[in-house]
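A.B. asks: mmCIF, N, CA, C and O atoms, saved as run39.cif, coming up:
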data_upload
#
loop_
_atom_site.label_atom_id
_atom_site.label_comp_id
_atom_site.auth_asym_id
_atom_site.auth_seq_id
_atom_site.Cartn_x
_atom_site.Cartn_y
_atom_site.Cartn_z
N SER A 1 62.19 85.80 121.55
CA SER A 1 62.79 85.94 120.22
C SER A 1 63.30 87.36 120.03
O SER A 1 63.01 88.26 120.80
N THR A 2 64.04 87.55 118.98
CA THR A 2 64.64 88.86 118.69
C THR A 2 63.57 89.92 118.47
O THR A 2 63.69 91.05 118.94
N VAL A 3 62.51 89.56 117.75
CA VAL A 3 61.44 90.51 117.46
C VAL A 3 60.78 90.98 118.77
O VAL A 3 60.55 92.17 118.96
N ILE A 4 60.48 90.03 119.64
CA ILE A 4 59.83 90.38 120.91
C ILE A 4 60.75 91.26 121.74
O ILE A 4 60.30 92.24 122.34
N LYS A 5 62.04 90.95 121.75
CA LYS A 5 62.99 91.78 122.50
C LYS A 5 63.02 93.20 121.94
O LYS A 5 63.00 94.16 122.69
N LYS A 6 63.02 93.31 120.61
CA LYS A 6 63.02 94.64 119.99
C LYS A 6 61.74 95.39 120.33
O LYS A 6 61.77 96.58 120.61
N LEU A 7 60.60 94.69 120.30
CA LEU A 7 59.33 95.34 120.61
C LEU A 7 59.30 95.79 122.07
O LEU A 7 58.78 96.85 122.39
N SER A 8 59.87 94.98 122.95
CA SER A 8 59.86 95.35 124.36
C SER A 8 60.76 96.56 124.63
O SER A 8 60.57 97.26 125.61
N ASN A 9 61.74 96.79 123.74
CA ASN A 9 62.62 97.94 123.90
C ASN A 9 62.01 99.21 123.30
O ASN A 9 62.49 100.31 123.54
N PHE A 10 60.96 99.07 122.50
CA PHE A 10 60.34 100.21 121.85
C PHE A 10 59.44 100.95 122.84
O PHE A 10 58.70 100.34 123.59
N SER A 11 59.53 102.24 122.83
CA SER A 11 58.67 103.02 123.71
C SER A 11 58.08 104.18 122.92
O SER A 11 58.79 104.98 122.32
N ILE A 12 56.77 104.25 122.93
CA ILE A 12 56.08 105.35 122.24
C ILE A 12 56.42 106.68 122.91
O ILE A 12 56.36 107.73 122.30
N ARG A 13 56.80 106.61 124.16
CA ARG A 13 57.15 107.84 124.89
C ARG A 13 58.39 108.51 124.32
O ARG A 13 58.65 109.67 124.61
N LYS A 14 59.16 107.78 123.55
CA LYS A 14 60.34 108.35 122.91
C LYS A 14 59.95 109.48 121.96
O LYS A 14 60.71 110.39 121.73
N TYR A 15 58.71 109.39 121.44
CA TYR A 15 58.24 110.35 120.46
C TYR A 15 57.13 111.20 121.04
O TYR A 15 56.06 110.72 121.35
N VAL A 16 57.40 112.47 121.16
CA VAL A 16 56.39 113.42 121.63
C VAL A 16 55.99 114.30 120.45
O VAL A 16 56.55 114.19 119.37
N ALA A 17 55.02 115.16 120.66
CA ALA A 17 54.54 116.03 119.59
C ALA A 17 55.70 116.82 118.97
O ALA A 17 56.58 117.31 119.68
N ILE A 18 55.68 116.91 117.66
CA ILE A 18 56.73 117.63 116.93
C ILE A 18 56.49 119.12 117.04
O ILE A 18 55.41 119.62 116.69
N VAL A 19 57.50 119.82 117.53
CA VAL A 19 57.36 121.27 117.70
C VAL A 19 58.45 122.07 116.98
O VAL A 19 58.43 123.29 117.00
N SER A 20 59.40 121.37 116.33
CA SER A 20 60.46 122.09 115.63
C SER A 20 60.91 121.30 114.41
O SER A 20 60.68 120.09 114.30
N LEU A 21 61.55 122.01 113.49
CA LEU A 21 62.09 121.34 112.30
C LEU A 21 63.18 120.34 112.68
O LEU A 21 63.29 119.27 112.07
N GLU A 22 63.97 120.67 113.68
CA GLU A 22 65.03 119.77 114.14
C GLU A 22 64.43 118.46 114.68
O GLU A 22 64.92 117.36 114.38
N GLN A 23 63.37 118.59 115.44
CA GLN A 23 62.70 117.41 115.99
C GLN A 23 62.10 116.58 114.85
O GLN A 23 62.19 115.35 114.86
N HIS A 24 61.50 117.26 113.88
CA HIS A 24 60.94 116.57 112.72
C HIS A 24 62.04 115.78 112.01
O HIS A 24 61.83 114.61 111.64
N GLN A 25 63.20 116.38 111.82
CA GLN A 25 64.31 115.70 111.15
C GLN A 25 64.79 114.49 111.95
O GLN A 25 65.09 113.44 111.38
N CYS A 26 64.81 114.60 113.26
CA CYS A 26 65.22 113.47 114.11
C CYS A 26 64.24 112.30 113.94
O CYS A 26 64.67 111.14 113.82
N TYR A 27 62.95 112.60 113.95
CA TYR A 27 61.95 111.55 113.76
C TYR A 27 62.10 110.91 112.38
O TYR A 27 62.03 109.69 112.22
N LYS A 28 62.31 111.74 111.38
CA LYS A 28 62.46 111.24 110.02
C LYS A 28 63.70 110.35 109.91
O LYS A 28 63.66 109.29 109.29
N ASP A 29 64.79 110.77 110.54
CA ASP A 29 66.01 109.97 110.53
C ASP A 29 65.80 108.62 111.22
O ASP A 29 66.27 107.59 110.75
N ASP A 30 65.09 108.63 112.35
CA ASP A 30 64.78 107.38 113.05
C ASP A 30 63.96 106.45 112.15
O ASP A 30 64.23 105.26 112.05
N PHE A 31 62.95 107.02 111.52
CA PHE A 31 62.10 106.23 110.62
C PHE A 31 62.92 105.63 109.50
O PHE A 31 62.85 104.43 109.23
N ASN A 32 63.72 106.44 108.84
CA ASN A 32 64.52 105.97 107.71
C ASN A 32 65.53 104.92 108.13
O ASN A 32 65.81 103.98 107.39
N ALA A 33 66.09 105.06 109.34
CA ALA A 33 67.08 104.10 109.83
C ALA A 33 66.47 102.72 110.03
O ALA A 33 67.16 101.70 109.87
N GLU A 34 65.19 102.64 110.36
CA GLU A 34 64.56 101.35 110.66
C GLU A 34 63.60 100.87 109.57
O GLU A 34 63.07 99.77 109.66
N TYR A 35 63.41 101.66 108.54
CA TYR A 35 62.43 101.31 107.51
C TYR A 35 62.83 100.05 106.74
O TYR A 35 61.99 99.20 106.44
N GLU A 36 64.11 99.90 106.43
CA GLU A 36 64.56 98.72 105.70
C GLU A 36 64.29 97.45 106.51
O GLU A 36 63.83 96.43 105.96
N GLU A 37 64.53 97.50 107.81
CA GLU A 37 64.23 96.34 108.67
C GLU A 37 62.74 96.04 108.64
O GLU A 37 62.33 94.88 108.56
N TYR A 38 61.92 97.07 108.71
CA TYR A 38 60.47 96.89 108.63
C TYR A 38 60.09 96.21 107.32
O TYR A 38 59.30 95.26 107.31
N GLN A 39 60.65 96.66 106.22
CA GLN A 39 60.34 96.07 104.92
C GLN A 39 60.75 94.60 104.88
O GLN A 39 60.03 93.76 104.34
N ASN A 40 61.92 94.28 105.44
CA ASN A 40 62.38 92.90 105.46
C ASN A 40 61.44 92.02 106.29
O ASN A 40 61.09 90.91 105.87
N LEU A 41 61.05 92.50 107.45
CA LEU A 41 60.11 91.74 108.29
C LEU A 41 58.77 91.57 107.58
O LEU A 41 58.17 90.49 107.62
N HIS A 42 58.31 92.61 106.95
CA HIS A 42 57.04 92.55 106.22
C HIS A 42 57.11 91.51 105.11
O HIS A 42 56.18 90.72 104.91
N SER A 43 58.22 91.48 104.40
CA SER A 43 58.42 90.50 103.32
C SER A 43 58.42 89.08 103.87
O SER A 43 57.82 88.17 103.28
N GLN A 44 59.09 88.86 105.00
CA GLN A 44 59.12 87.53 105.62
C GLN A 44 57.71 87.10 106.02
O GLN A 44 57.32 85.95 105.80
N ILE A 45 56.96 88.01 106.59
CA ILE A 45 55.59 87.70 107.01
C ILE A 45 54.72 87.37 105.80
O ILE A 45 53.93 86.42 105.83
N ASP A 46 54.87 88.12 104.72
CA ASP A 46 54.11 87.82 103.49
C ASP A 46 54.43 86.43 102.96
O ASP A 46 53.53 85.70 102.53
N LYS A 47 55.70 86.03 103.01
CA LYS A 47 56.08 84.70 102.54
C LYS A 47 55.47 83.63 103.43
O LYS A 47 54.97 82.60 102.93
N ILE A 48 55.48 83.84 104.71
CA ILE A 48 54.90 82.88 105.65
C ILE A 48 53.39 82.76 105.41
O ILE A 48 52.85 81.66 105.37
N LYS A 49 52.72 83.91 105.25
CA LYS A 49 51.29 83.89 104.97
C LYS A 49 50.99 83.11 103.70
O LYS A 49 50.04 82.33 103.65
N GLU A 50 51.79 83.31 102.67
CA GLU A 50 51.58 82.61 101.41
C GLU A 50 51.79 81.11 101.59
O GLU A 50 51.02 80.31 101.05
N ASN A 51 52.79 80.71 102.36
CA ASN A 51 52.99 79.28 102.63
C ASN A 51 51.77 78.68 103.31
O ASN A 51 51.32 77.59 102.94
N PHE A 52 51.22 79.37 104.30
CA PHE A 52 50.05 78.85 104.98
C PHE A 52 48.82 78.82 104.08
O PHE A 52 48.02 77.90 104.14
N ARG A 53 48.70 79.80 103.21
CA ARG A 53 47.58 79.80 102.27
C ARG A 53 47.68 78.57 101.36
O ARG A 53 46.69 77.88 101.12
N GLN A 54 48.90 78.29 100.89
CA GLN A 54 49.11 77.12 100.03
C GLN A 54 48.83 75.83 100.78
O GLN A 54 48.19 74.92 100.25
N PHE A 55 49.31 75.73 102.01
CA PHE A 55 49.03 74.55 102.83
C PHE A 55 47.53 74.36 103.00
O PHE A 55 47.01 73.26 102.87
N HIS A 56 46.84 75.43 103.28
CA HIS A 56 45.39 75.36 103.49
C HIS A 56 44.69 74.84 102.22
O HIS A 56 43.80 73.98 102.30
N GLU A 57 45.07 75.36 101.08
CA GLU A 57 44.47 74.92 99.81
C GLU A 57 44.72 73.43 99.59
O GLU A 57 43.83 72.71 99.14
N GLN A 58 45.92 72.98 99.90
CA GLN A 58 46.25 71.57 99.72
C GLN A 58 45.48 70.70 100.71
O GLN A 58 45.04 69.60 100.38
N TRP A 59 45.32 71.15 101.93
CA TRP A 59 44.62 70.40 102.97
C TRP A 59 43.15 70.19 102.67
O TRP A 59 42.56 69.20 103.07
N LYS A 60 42.55 71.15 101.99
CA LYS A 60 41.11 71.05 101.72
C LYS A 60 40.75 69.78 100.96
O LYS A 60 39.64 69.29 101.08
N SER A 61 41.71 69.25 100.21
CA SER A 61 41.43 68.05 99.41
C SER A 61 41.82 66.75 100.12
O SER A 61 41.65 65.68 99.56
N LEU A 62 42.31 66.84 101.36
CA LEU A 62 42.77 65.65 102.07
C LEU A 62 41.80 65.25 103.18
O LEU A 62 41.21 66.09 103.84
N SER A 63 41.70 63.95 103.40
CA SER A 63 40.91 63.42 104.51
C SER A 63 41.74 63.48 105.78
O SER A 63 42.93 63.15 105.78
N ALA A 64 41.12 63.89 106.88
CA ALA A 64 41.85 64.07 108.15
C ALA A 64 42.47 62.78 108.65
O ALA A 64 43.42 62.81 109.43
N CYS A 65 41.99 61.65 108.23
CA CYS A 65 42.51 60.35 108.68
C CYS A 65 43.57 59.79 107.74
O CYS A 65 44.17 58.76 108.03
N SER A 66 43.82 60.45 106.62
CA SER A 66 44.73 59.89 105.62
C SER A 66 46.20 60.11 105.97
O SER A 66 46.56 61.01 106.73
N GLU A 67 47.04 59.28 105.40
CA GLU A 67 48.49 59.42 105.59
C GLU A 67 48.97 60.73 104.96
O GLU A 67 49.82 61.42 105.51
N ALA A 68 48.41 61.08 103.80
CA ALA A 68 48.79 62.33 103.13
C ALA A 68 48.51 63.53 104.02
O ALA A 68 49.29 64.49 104.07
N TYR A 69 47.38 63.48 104.75
CA TYR A 69 47.03 64.57 105.67
C TYR A 69 48.08 64.67 106.77
O TYR A 69 48.54 65.77 107.10
N GLN A 70 48.48 63.54 107.34
CA GLN A 70 49.46 63.53 108.42
C GLN A 70 50.82 64.05 107.94
O GLN A 70 51.47 64.82 108.63
N VAL A 71 51.21 63.64 106.74
CA VAL A 71 52.47 64.11 106.16
C VAL A 71 52.42 65.63 105.99
O VAL A 71 53.36 66.35 106.34
N LYS A 72 51.30 66.14 105.47
CA LYS A 72 51.14 67.59 105.28
C LYS A 72 51.16 68.32 106.62
O LYS A 72 51.78 69.37 106.77
N LYS A 73 50.52 67.73 107.63
CA LYS A 73 50.50 68.33 108.97
C LYS A 73 51.92 68.41 109.53
O LYS A 73 52.33 69.45 110.06
N ASP A 74 52.68 67.33 109.40
CA ASP A 74 54.05 67.30 109.90
C ASP A 74 54.92 68.33 109.17
O ASP A 74 55.73 69.02 109.79
N LYS A 75 54.73 68.43 107.86
CA LYS A 75 55.50 69.41 107.08
C LYS A 75 55.15 70.84 107.52
O LYS A 75 56.03 71.69 107.63
N THR A 76 53.89 71.07 107.77
CA THR A 76 53.45 72.39 108.22
C THR A 76 54.08 72.75 109.57
O THR A 76 54.59 73.85 109.75
N MET A 77 54.06 71.80 110.49
CA MET A 77 54.65 72.05 111.81
C MET A 77 56.14 72.31 111.70
O MET A 77 56.68 73.20 112.37
N LYS A 78 56.82 71.58 110.85
CA LYS A 78 58.25 71.80 110.64
C LYS A 78 58.49 73.21 110.10
O LYS A 78 59.39 73.92 110.56
N THR A 79 57.67 73.62 109.15
CA THR A 79 57.78 74.97 108.58
C THR A 79 57.54 76.03 109.64
O THR A 79 58.28 77.02 109.73
N VAL A 80 56.52 75.85 110.47
CA VAL A 80 56.21 76.81 111.54
C VAL A 80 57.40 76.94 112.48
O VAL A 80 57.82 78.05 112.84
N LEU A 81 57.96 75.82 112.88
CA LEU A 81 59.09 75.86 113.80
C LEU A 81 60.31 76.53 113.16
O LEU A 81 61.00 77.31 113.82
N GLN A 82 60.55 76.27 111.89
CA GLN A 82 61.66 76.93 111.20
C GLN A 82 61.44 78.42 111.09
O GLN A 82 62.35 79.21 111.31
N GLN A 83 60.22 78.84 110.79
CA GLN A 83 59.91 80.26 110.68
C GLN A 83 60.06 80.96 112.02
O GLN A 83 60.50 82.09 112.11
N ASN A 84 59.67 80.27 113.08
CA ASN A 84 59.79 80.82 114.42
C ASN A 84 61.25 81.08 114.77
O ASN A 84 61.58 82.07 115.39
N ILE A 85 62.14 80.20 114.35
CA ILE A 85 63.58 80.38 114.61
C ILE A 85 64.10 81.59 113.84
O ILE A 85 64.87 82.37 114.36
N ILE A 86 63.64 81.78 112.60
CA ILE A 86 64.08 82.90 111.77
C ILE A 86 63.66 84.23 112.39
O ILE A 86 64.42 85.17 112.45
N LEU A 87 62.42 84.29 112.87
CA LEU A 87 61.92 85.53 113.45
C LEU A 87 62.49 85.71 114.83
O LEU A 87 62.74 86.73 115.30
#
Let's see the structure in the file written out as structure tokens.

C.D. replies:
Amino acid sequence: STVIKKLSNFSIRKYVAIVSLEQHQCYKDDFNAEYEEYQNLHSQIDKIKENFRQFHEQWKSLSACSEAYQVKKDKTMKTVLQQNIIL
């Protein structure tokens, strides 16, 4: 996925100890350039977590053998697959 590709391209070695104001500014610029993407990813993850929390709450009242349980399970799997495509 795109996220995994981006993570595999990230290298902590790119950043060494800060020894000058110029280096500090470069690090700050890098951070600021990618912060919005971080916030967007964080927001997507929060939405996904909330969906799963809601599914879990709904599942607690269903019998594992019931049709309602199976429908909820299928809907959950569909949501997971859709979220995986987005990320």

A.B. asks: What does the distance from atom CA of Val80 of chain A to atom N of Phe52 of chain A come to in Å, to one decimal?

C.D. replies: 9.2 Å

A.B. asks: Which is closest to Thr79 of chain A among A:Cys26, A:Leu41, A:Ala17, A:Ile48, if we use all atoms listed in the file?

C.D. replies: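 Ranking A:Cys26, A:Leu41, A:Ala17, A:Ile48 by distance to Thr79 of chain A, first place goes to A:Ile48.
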
A.B. asks: Kindly provide, as lines of an AutoDock Vina configuration file, the centre and edge lengths (Å, one decimal) of an axis-aligned box around all atoms of segment 52-71 of chain A given in the file, with 5 Å on each side.

C.D. replies:
center_x = 46.5
center_y = 69.3
center_z = 104.3
size_x = 23.7
size_y = 31.0
size_z = 20.3

A.B. asks: Can you tell me how far atom CA of Lys78 of chain A sits from atom N of Tyr38 of chain A, in Å to one decimal?

C.D. replies: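 Taking atom CA of Lys78 of chain A and atom N of Tyr38 of chain A, their separation equals 25.6 Å.
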
A.B. asks: So that I can check the secondary structure, give me every residue of segment 18-78 of chain A assigned helix (DSSP H, G or I) by backbone DSSP, as a ChimeraX atom specification.

C.D. replies: /A:21-59,67-78

A.B. asks: Could you check how far atom C of Asp29 of chain A sits from atom N of Tyr15 of chain A, in Å to one decimal?

C.D. replies: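 Calculated distance between atom C of Asp29 of chain A and atom N of Tyr15 of chain A is 12.5 Å.
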
A.B. asks: Starting from the sparse input, extend segment 48-59 of chain A to all heavy atoms and give the output as a tab-separated table (two decimals), in the coordinates of the input.

C.D. replies:
chain	number	residue	atom	x	y	z
A	48	ILE	N	55.48	83.84	104.71
A	48	ILE	CA	54.90	82.88	105.65
A	48	ILE	C	53.39	82.76	105.41
A	48	ILE	O	52.85	81.66	105.37
A	48	ILE	CB	55.21	83.29	107.12
A	48	ILE	CG1	56.70	83.15	107.38
A	48	ILE	CG2	54.40	82.45	108.10
A	48	ILE	CD1	57.17	83.81	108.67
A	49	LYS	N	52.72	83.91	105.25
A	49	LYS	CA	51.29	83.89	104.97
A	49	LYS	C	50.99	83.11	103.70
A	49	LYS	O	50.04	82.33	103.65
A	49	LYS	CB	50.75	85.32	104.85
A	49	LYS	CG	50.54	86.02	106.16
A	49	LYS	CD	50.09	87.45	106.06
A	49	LYS	CE	49.42	87.89	104.81
A	49	LYS	NZ	49.05	89.30	104.75
A	50	GLU	N	51.79	83.31	102.67
A	50	GLU	CA	51.58	82.61	101.41
A	50	GLU	C	51.79	81.11	101.59
A	50	GLU	O	51.02	80.31	101.05
A	50	GLU	CB	52.52	83.15	100.31
A	50	GLU	CG	52.38	82.46	98.98
A	50	GLU	CD	50.99	82.51	98.38
A	50	GLU	OE1	50.18	83.39	98.72
A	50	GLU	OE2	50.70	81.66	97.51
A	51	ASN	N	52.79	80.71	102.36
A	51	ASN	CA	52.99	79.28	102.63
A	51	ASN	C	51.77	78.68	103.31
A	51	ASN	O	51.32	77.59	102.94
A	51	ASN	CB	54.23	79.06	103.51
A	51	ASN	CG	55.52	79.22	102.76
A	51	ASN	OD1	55.55	79.16	101.54
A	51	ASN	ND2	56.60	79.45	103.48
A	52	PHE	N	51.22	79.37	104.30
A	52	PHE	CA	50.05	78.85	104.98
A	52	PHE	C	48.82	78.82	104.08
A	52	PHE	O	48.02	77.90	104.14
A	52	PHE	CB	49.76	79.65	106.26
A	52	PHE	CG	50.58	79.20	107.42
A	52	PHE	CD1	51.63	79.96	107.87
A	52	PHE	CD2	50.31	77.99	108.05
A	52	PHE	CE1	52.42	79.53	108.94
A	52	PHE	CE2	51.08	77.55	109.11
A	52	PHE	CZ	52.14	78.33	109.55
A	53	ARG	N	48.70	79.80	103.21
A	53	ARG	CA	47.58	79.80	102.27
A	53	ARG	C	47.68	78.57	101.36
A	53	ARG	O	46.69	77.88	101.12
A	53	ARG	CB	47.57	81.08	101.43
A	53	ARG	CG	46.31	81.24	100.58
A	53	ARG	CD	46.46	82.27	99.49
A	53	ARG	NE	47.48	81.93	98.52
A	53	ARG	CZ	47.36	80.96	97.58
A	53	ARG	NH1	46.27	80.23	97.51
A	53	ARG	NH2	48.33	80.73	96.73
A	54	GLN	N	48.90	78.29	100.89
A	54	GLN	CA	49.11	77.12	100.03
A	54	GLN	C	48.83	75.83	100.78
A	54	GLN	O	48.19	74.92	100.25
A	54	GLN	CB	50.53	77.12	99.47
A	54	GLN	CG	50.78	78.18	98.44
A	54	GLN	CD	52.22	78.22	97.97
A	54	GLN	OE1	53.03	77.39	98.33
A	54	GLN	NE2	52.55	79.24	97.18
A	55	PHE	N	49.31	75.73	102.01
A	55	PHE	CA	49.03	74.55	102.83
A	55	PHE	C	47.53	74.36	103.00
A	55	PHE	O	47.01	73.26	102.87
A	55	PHE	CB	49.68	74.64	104.20
A	55	PHE	CG	51.17	74.43	104.20
A	55	PHE	CD1	51.99	75.20	105.01
A	55	PHE	CD2	51.77	73.45	103.42
A	55	PHE	CE1	53.36	75.00	105.03
A	55	PHE	CE2	53.14	73.24	103.43
A	55	PHE	CZ	53.93	74.02	104.23
A	56	HIS	N	46.84	75.43	103.28
A	56	HIS	CA	45.39	75.36	103.49
A	56	HIS	C	44.69	74.84	102.22
A	56	HIS	O	43.80	73.98	102.30
A	56	HIS	CB	44.84	76.72	103.89
A	56	HIS	CG	43.36	76.74	104.07
A	56	HIS	ND1	42.74	76.15	105.14
A	56	HIS	CD2	42.38	77.25	103.30
A	56	HIS	CE1	41.44	76.30	105.02
A	56	HIS	NE2	41.19	76.97	103.92
A	57	GLU	N	45.07	75.36	101.08
A	57	GLU	CA	44.47	74.92	99.81
A	57	GLU	C	44.72	73.43	99.59
A	57	GLU	O	43.83	72.71	99.14
A	57	GLU	CB	45.01	75.74	98.64
A	57	GLU	CG	44.51	77.16	98.59
A	57	GLU	CD	42.99	77.23	98.46
A	57	GLU	OE1	42.41	76.51	97.65
A	57	GLU	OE2	42.38	78.05	99.20
A	58	GLN	N	45.92	72.98	99.90
A	58	GLN	CA	46.25	71.57	99.72
A	58	GLN	C	45.48	70.70	100.71
A	58	GLN	O	45.04	69.60	100.38
A	58	GLN	CB	47.76	71.35	99.87
A	58	GLN	CG	48.56	72.00	98.76
A	58	GLN	CD	50.04	72.04	99.05
A	58	GLN	OE1	50.49	71.65	100.11
A	58	GLN	NE2	50.81	72.54	98.09
A	59	TRP	N	45.32	71.15	101.93
A	59	TRP	CA	44.62	70.40	102.97
A	59	TRP	C	43.15	70.19	102.67
A	59	TRP	O	42.56	69.20	103.07
A	59	TRP	CB	44.76	71.09	104.32
A	59	TRP	CG	46.02	70.76	105.03
A	59	TRP	CD1	47.13	70.16	104.51
A	59	TRP	CD2	46.31	70.99	106.40
A	59	TRP	NE1	48.09	70.04	105.47
A	59	TRP	CE2	47.62	70.53	106.64
A	59	TRP	CE3	45.60	71.56	107.44
A	59	TRP	CZ2	48.21	70.60	107.88
A	59	TRP	CZ3	46.20	71.63	108.68
A	59	TRP	CH2	47.49	71.16	108.90
